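K.L.:
This one is final14.txt, compact mmCIF, C-alpha atoms and all ligand atoms.
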# COMPACT_ATOMS: atom_id res chain seq x y z
CA MET A 1 16.05 -19.96 -28.81
CA LEU A 2 15.29 -16.65 -27.12
CA ARG A 3 13.89 -16.94 -23.64
CA THR A 4 11.30 -14.57 -22.24
CA PRO A 5 13.05 -12.46 -19.60
CA PRO A 6 11.72 -12.89 -16.08
CA PRO A 7 9.37 -10.09 -14.98
CA PHE A 8 11.56 -9.30 -11.98
CA PRO A 9 15.24 -9.32 -12.96
CA ASP A 10 17.46 -10.76 -10.23
CA ALA A 11 14.41 -11.55 -8.13
CA ALA A 12 15.44 -13.76 -5.25
CA MET A 13 12.71 -13.07 -2.72
CA LYS A 14 9.01 -13.73 -3.12
CA LEU A 15 6.25 -11.76 -1.43
CA PHE A 16 2.63 -12.84 -1.18
CA PHE A 17 1.05 -9.66 -2.46
CA SER A 18 -2.20 -7.75 -2.45
CA VAL A 19 -2.44 -4.43 -4.23
CA THR A 20 -4.67 -2.89 -1.55
CA SER A 21 -2.93 -4.24 1.57
CA PRO A 22 -1.36 -1.37 3.53
CA TYR A 23 0.95 -3.79 5.35
CA VAL A 24 2.27 -5.03 2.00
CA ARG A 25 2.67 -1.41 0.93
CA LYS A 26 4.71 -0.67 4.05
CA CYS A 27 7.09 -3.55 3.23
CA LEU A 28 7.45 -2.52 -0.39
CA ALA A 29 8.03 1.12 0.61
CA VAL A 30 10.84 -0.07 2.89
CA ALA A 31 12.25 -2.20 0.05
CA HIS A 32 12.05 0.79 -2.29
CA GLU A 33 13.86 3.05 0.19
CA LEU A 34 16.58 0.37 0.31
CA GLY A 35 16.67 0.11 -3.50
CA VAL A 36 15.69 -3.57 -3.58
CA ASP A 37 11.98 -3.65 -4.41
CA GLN A 38 12.74 -4.95 -7.91
CA ARG A 39 14.42 -7.99 -6.34
CA ILE A 40 11.11 -9.09 -4.85
CA GLU A 41 8.84 -11.21 -6.98
CA LEU A 42 5.22 -10.39 -6.21
CA LEU A 43 2.99 -13.44 -5.87
CA PRO A 44 -0.70 -12.81 -6.55
CA SER A 45 -2.81 -13.95 -3.59
CA ASN A 46 -6.22 -13.55 -2.02
CA ALA A 47 -5.77 -13.21 1.72
CA HIS A 48 -9.21 -13.17 3.34
CA PRO A 49 -10.28 -13.80 6.93
CA VAL A 50 -13.11 -16.15 5.90
CA GLN A 51 -12.32 -17.56 2.43
CA ARG A 52 -8.74 -18.34 3.33
CA ASP A 53 -6.01 -18.56 0.71
CA ALA A 54 -4.60 -22.09 0.87
CA GLY A 55 -1.48 -21.02 -0.99
CA ILE A 56 -0.52 -18.60 1.79
CA VAL A 57 -1.66 -20.92 4.58
CA ALA A 58 0.70 -23.58 3.21
CA VAL A 59 3.65 -21.43 4.26
CA ASN A 60 2.15 -19.06 6.87
CA PRO A 61 -0.47 -20.67 9.09
CA LEU A 62 -2.09 -17.28 9.64
CA GLY A 63 -2.77 -17.02 5.91
CA LYS A 64 -2.07 -13.30 5.85
CA VAL A 65 -0.20 -10.89 3.62
CA PRO A 66 2.51 -9.81 3.64
CA THR A 67 4.40 -13.10 3.82
CA LEU A 68 7.96 -13.13 2.48
CA ILE A 69 9.97 -16.10 1.24
CA THR A 70 13.64 -15.18 1.42
CA ASP A 71 16.24 -16.31 -1.08
CA ASP A 72 17.26 -19.17 1.25
CA GLY A 73 13.64 -20.31 1.51
CA SER A 74 12.90 -18.97 4.98
CA VAL A 75 9.34 -17.73 5.49
CA LEU A 76 8.93 -14.42 7.30
CA TYR A 77 5.86 -12.62 8.60
CA ASP A 78 4.41 -10.24 9.69
CA SER A 79 5.14 -6.84 8.13
CA ARG A 80 7.26 -5.72 11.09
CA VAL A 81 9.54 -8.74 10.81
CA ILE A 82 9.77 -8.41 7.02
CA CYS A 83 10.67 -4.71 7.23
CA GLU A 84 13.37 -5.33 9.82
CA TYR A 85 14.73 -8.26 7.80
CA LEU A 86 15.00 -6.09 4.69
CA ASP A 87 16.63 -3.23 6.58
CA THR A 88 19.15 -5.54 8.26
CA THR A 89 19.90 -7.60 5.16
CA PHE A 90 20.40 -4.63 2.85
CA GLY A 91 22.32 -2.39 5.21
CA GLY A 92 19.64 0.19 5.89
CA ARG A 93 19.20 2.60 8.78
CA LEU A 94 15.41 2.65 8.74
CA PHE A 95 15.42 0.93 12.13
CA PRO A 96 17.63 3.16 14.27
CA ARG A 97 20.05 0.85 16.06
CA GLU A 98 19.86 2.24 19.56
CA GLY A 99 18.87 5.04 21.86
CA ALA A 100 15.75 7.19 21.96
CA ALA A 101 15.50 7.33 18.15
CA ARG A 102 15.00 3.54 18.05
CA TRP A 103 12.12 3.50 20.51
CA GLN A 104 10.57 6.59 18.92
CA ALA A 105 10.58 4.89 15.50
CA LEU A 106 9.26 1.57 16.83
CA VAL A 107 6.46 3.15 18.83
CA LEU A 108 5.43 5.21 15.82
CA GLN A 109 5.32 2.00 13.77
CA SER A 110 3.12 0.41 16.46
CA LEU A 111 0.80 3.41 16.45
CA ALA A 112 0.55 3.45 12.65
CA ASP A 113 -0.04 -0.32 12.54
CA GLY A 114 -2.68 0.11 15.24
CA VAL A 115 -4.47 2.63 13.03
CA LEU A 116 -4.34 0.05 10.25
CA ASP A 117 -5.54 -2.78 12.49
CA ALA A 118 -8.60 -0.74 13.53
CA ALA A 119 -9.29 0.55 10.01
CA LEU A 120 -8.98 -2.95 8.53
CA LEU A 121 -11.43 -4.34 11.09
CA VAL A 122 -13.89 -1.64 10.04
CA ARG A 123 -13.27 -2.49 6.41
CA TYR A 124 -13.96 -6.18 7.06
CA GLU A 125 -17.04 -5.26 9.09
CA GLU A 126 -18.43 -3.31 6.15
CA ALA A 127 -17.23 -5.43 3.23
CA VAL A 128 -17.22 -8.97 4.63
CA ARG A 129 -19.58 -9.31 7.61
CA PRO A 130 -23.23 -9.95 6.68
CA ALA A 131 -25.35 -6.81 7.28
CA GLU A 132 -27.56 -8.49 9.90
CA LEU A 133 -24.52 -9.33 12.05
CA ARG A 134 -22.99 -5.85 12.10
CA TRP A 135 -22.71 -3.89 15.34
CA PRO A 136 -22.45 -0.12 14.72
CA ALA A 137 -21.10 0.67 18.21
CA TRP A 138 -18.21 -1.72 17.63
CA ARG A 139 -17.44 -0.09 14.29
CA ASP A 140 -17.58 3.34 15.93
CA GLY A 141 -15.16 2.15 18.62
CA GLN A 142 -12.64 1.12 15.97
CA MET A 143 -12.96 4.43 14.13
CA ASP A 144 -12.52 6.21 17.45
CA LYS A 145 -9.18 4.42 17.81
CA VAL A 146 -8.18 5.82 14.44
CA ALA A 147 -9.33 9.28 15.54
CA THR A 148 -7.52 9.30 18.90
CA ALA A 149 -4.34 7.98 17.26
CA LEU A 150 -4.41 10.75 14.67
CA GLN A 151 -5.10 13.38 17.36
CA SER A 152 -2.05 12.16 19.24
CA LEU A 153 0.02 12.41 16.04
CA GLU A 154 -1.38 15.89 15.42
CA ARG A 155 0.01 17.05 18.78
CA GLU A 156 3.41 15.54 17.92
CA ALA A 157 3.46 16.45 14.21
CA ARG A 158 6.53 18.67 14.53
CA THR A 159 8.60 15.63 15.67
CA LEU A 160 7.99 13.98 12.26
CA ALA A 161 9.81 16.63 10.23
CA GLY A 162 12.76 15.29 8.24
CA ARG A 163 12.40 11.72 9.49
CA VAL A 164 12.56 8.72 7.15
CA ASP A 165 12.44 5.64 9.34
CA ILE A 166 10.22 2.63 9.94
CA GLY A 167 7.84 4.81 11.94
CA THR A 168 7.24 7.43 9.29
CA LEU A 169 7.06 4.84 6.50
CA ALA A 170 4.45 2.88 8.47
CA LEU A 171 2.55 6.11 9.06
CA GLY A 172 2.64 6.90 5.33
CA ALA A 173 1.18 3.46 4.60
CA ALA A 174 -1.56 4.01 7.20
CA LEU A 175 -2.55 7.43 5.89
CA GLY A 176 -2.54 6.07 2.34
CA TYR A 177 -4.98 3.37 3.44
CA LEU A 178 -7.29 5.99 4.96
CA ASP A 179 -7.22 7.76 1.59
CA LEU A 180 -8.01 4.50 -0.19
CA ARG A 181 -10.85 3.21 2.00
CA PHE A 182 -12.04 6.09 4.19
CA ASP A 183 -11.73 9.13 1.99
CA ALA A 184 -15.16 10.45 3.02
CA TRP A 185 -14.07 10.42 6.68
CA GLY A 186 -11.78 13.33 5.80
CA TRP A 187 -8.73 12.71 7.99
CA ARG A 188 -6.91 15.78 6.63
CA GLN A 189 -9.58 18.16 7.90
CA ARG A 190 -9.38 16.57 11.36
CA VAL A 191 -5.58 16.85 11.73
CA PRO A 192 -4.20 19.73 9.64
CA ALA A 193 -0.65 19.70 11.02
CA LEU A 194 -0.33 15.98 10.27
CA ALA A 195 -1.82 16.61 6.83
CA ALA A 196 0.81 19.30 6.18
CA TRP A 197 3.58 16.85 7.06
CA ALA A 198 2.00 14.13 4.90
CA ALA A 199 1.71 16.47 1.90
CA GLY A 200 5.50 16.47 1.71
CA PHE A 201 6.24 12.93 2.88
CA MET A 202 3.78 11.32 0.49
CA GLN A 203 5.74 12.77 -2.45
CA ARG A 204 8.59 10.36 -1.75
CA PRO A 205 8.99 7.86 -4.61
CA SER A 206 8.53 5.00 -2.11
CA MET A 207 5.12 6.41 -1.21
CA GLN A 208 4.11 7.23 -4.78
CA LYS A 209 5.05 3.97 -6.47
CA GLN A 210 2.28 1.58 -7.48
CA TRP A 211 3.22 -2.10 -7.46
CA ALA A 212 1.35 -4.81 -9.31
CA ALA A 213 1.68 -8.56 -9.43
CA PRO A 214 1.87 -10.23 -12.84
CA SER A 215 -1.55 -11.55 -13.80
CA ALA A 216 -1.95 -15.23 -13.06
N1 LIG A 301 -0.02 -7.67 11.66
C1 LIG A 301 -0.02 -8.09 10.29
C2 LIG A 301 -1.38 -7.75 9.65
C3 LIG A 301 -1.51 -8.33 8.25
C4 LIG A 301 -2.96 -8.35 7.78
O1 LIG A 301 -3.92 -8.30 8.56
N2 LIG A 301 -3.12 -8.45 6.46
C5 LIG A 301 -4.44 -8.58 5.90
C6 LIG A 301 -4.52 -7.92 4.51
S1 LIG A 301 -4.34 -6.16 4.61
C7 LIG A 301 -4.75 -10.03 5.72
O2 LIG A 301 -3.91 -10.79 5.32
N3 LIG A 301 -6.00 -10.43 6.02
C8 LIG A 301 -6.43 -11.79 5.92
C9 LIG A 301 -6.87 -12.35 7.23
O3 LIG A 301 -7.16 -11.57 8.16
O4 LIG A 301 -6.94 -13.58 7.35
C10 LIG A 301 1.14 -7.42 9.55
O5 LIG A 301 1.65 -6.41 10.05
O6 LIG A 301 1.59 -7.95 8.53
Once you've parsed the file, please lay out its structure as structure tokens.
P.N.:
Amino acid sequence: MLRTPPPFPDAAMKLFFSVTSPYVRKCLAVAHELGVDQRIELLPSNAHPVQRDAGIVAVNPLGKVPTLITDDGSVLYDSRVICEYLDTTFGGRLFPREGAARWQALVLQSLADGVLDAALLVRYEEAVRPAELRWPAWRDGQMDKVATALQSLEREARTLAGRVDIGTLALGAALGYLDLRFDAWGWRQRVPALAAWAAGFMQRPSMQKQWAAPSA
């Protein structure tokens, strides 16, 4: 009898997945750069800060995506740990091993993740929090974090040229999320030098690829 082939040939790792999560996208972009994204089975999930996903909580008490189950059954989170695990396991150089390049890449990842943290809080404020409980000044403070982070990157945009590391991949994921959720905010008009860098970087296959989990 013929068997239906598995949707992810040679899949050994499993990733709790959300199509819109920028942190998941960062991990999958790293996996793609390493040539192993097809080895990761994507598990449909519904991470949510209020209606929590029991399936994720069962393995990651924070209930967040991304959460990775490795081929030996270890559970890894958050996105920074997963990205470093993938790079180490599959012989990458996306995390420079030492010297100034290492700290430059890690700080850029922290800055890009900080943009995401602030943007996601705004997203939850607008999409999850009941209207009567919203606090516009708090939302504005979060968006100001995004703005000051991008202004800092604008001043340093020339240092991004030619780099493909965990910092620039995290930044690509962050800018992609601004496109997805905050298009009207117009980040490109605010930071033209960063936008010029992104116009090239976002053409990378790891930035262009769209992943989807099999339907449940
Ligand atoms: N620092 C974490 C952030 C992950 C995160 O906040 N993921 C969101 C989805 S984009 C989530 O799972 N939210 C559910 C929750 O806050 O409980 C990482 O880098 O992985």
K.L.:
Restricting the calculation to all atoms listed in the file, which member of A:Val36, A:Leu120, A:Leu42, A:Ala12 is positioned closest to ligand LIG 301 (chain A)?
P.N.:
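So, comparing all the options, the nearest one is A:Leu120.
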K.L.:
At a cut-off of 12 Å around the point (-2.1, 12.6, 3.4) (file coordinates), what residues fall inside when counting all atoms listed in the file? I'd like the answer as JSON, numbers by chain.
P.N.:
{"A": [150, 171, 172, 173, 174, 175, 176, 177, 178, 179, 180, 182, 183, 186, 187, 188, 189, 190, 191, 192, 193, 194, 195, 196, 197, 198, 199, 200, 201, 202, 203, 207, 208]}
K.L.:
Per residue of chain A within 9 Å of ligand LIG 301 (chain A), what are the shortest atom pair and its distance in Å to one decimal, counting all atoms listed in the file, with rows by chain and residue number, as CSV?
P.N.:
residue,atom,partner,partner_atom,distance
A:Ser18,CA,A:LIG301,C6,7.3
A:Thr20,CA,A:LIG301,S1,7.0
A:Ser21,CA,A:LIG301,S1,3.9
A:Pro22,CA,A:LIG301,S1,5.7
A:Tyr23,CA,A:LIG301,O6,5.3
A:Val24,CA,A:LIG301,O6,7.2
A:Lys26,CA,A:LIG301,O5,8.8
A:Cys27,CA,A:LIG301,O6,8.8
A:Asn46,CA,A:LIG301,C8,8.1
A:Ala47,CA,A:LIG301,C8,4.5
A:His48,CA,A:LIG301,C8,4.0
A:Pro49,CA,A:LIG301,O4,3.4
A:Val50,CA,A:LIG301,O4,6.8
A:Gln51,CA,A:LIG301,O4,8.3
A:Arg52,CA,A:LIG301,O4,6.5
A:Asp53,CA,A:LIG301,O4,8.4
A:Leu62,CA,A:LIG301,O4,6.5
A:Gly63,CA,A:LIG301,O4,5.6
A:Lys64,CA,A:LIG301,O2,3.2
A:Val65,CA,A:LIG301,O2,4.1
A:Pro66,CA,A:LIG301,O6,5.3
A:Thr67,CA,A:LIG301,O6,7.5
A:Tyr77,CA,A:LIG301,O6,6.3
A:Asp78,CA,A:LIG301,O6,3.8
A:Ser79,CA,A:LIG301,O6,3.7
A:Arg80,CA,A:LIG301,O5,5.7
A:Val81,CA,A:LIG301,O5,8.3
A:Ile82,CA,A:LIG301,O6,8.3
A:Asp113,CA,A:LIG301,O5,6.8
A:Gly114,CA,A:LIG301,N1,9.0
A:Leu116,CA,A:LIG301,C2,8.4
A:Asp117,CA,A:LIG301,O1,7.0
A:Leu120,CA,A:LIG301,S1,6.9
A:Leu121,CA,A:LIG301,O1,8.9
A:Tyr124,CA,A:LIG301,O3,8.7
K.L.:
Mind checking which residues fall within 8 Å of range 87-104 of chain A, counting all atoms listed in the file, ignoring those fewer than 6 positions away in the same chain, and posting them as a PyMOL selection string?
P.N.:
chain A and resi 30-31+34+164-167
K.L.:
How many Å lie between CA of Leu15 in chain A and CA of Leu43 in chain A, rounded to one decimal?
P.N.:
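Spanning CA of Leu15 in chain A to CA of Leu43 in chain A is a straight-line distance of 5.8 Å.
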K.L.:
Please report the interatomic distance between CA of Lys145 in chain A and CA of Gly162 in chain A in Å with one decimal.
P.N.:
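Computing the Euclidean distance for CA of Lys145 in chain A and CA of Gly162 in chain A yields 26.3 Å.
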K.L.:
Measure the distance from CA of Leu111 in chain A to CA of Ala170 in chain A in Å and round it to one decimal.
P.N.:
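Result for CA of Leu111 in chain A versus CA of Ala170 in chain A: 8.8 Å, one decimal.
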K.L.:
So which one's closest to Gly55 in chain A, A:Ser206, A:Leu28, A:Phe17, A:Asp71? Using only C-alpha atoms, please.
P.N.:
A:Phe17
K.L.:
In file coordinates, which residues lie within 10 Å of (7.1, -2.2, -7.3) using all atoms listed in the file, given as a count of residues only?
P.N.:
19
K.L.:
Pick out the closest residue to Ala118 in chain A from this set: A:Val146, A:Ala137, A:Met13, A:Val19. Count only C-alpha atoms.
P.N.:
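Going through A:Val146, A:Ala137, A:Met13, A:Val19 one by one, the smallest distance to Ala118 in chain A is for A:Val146.
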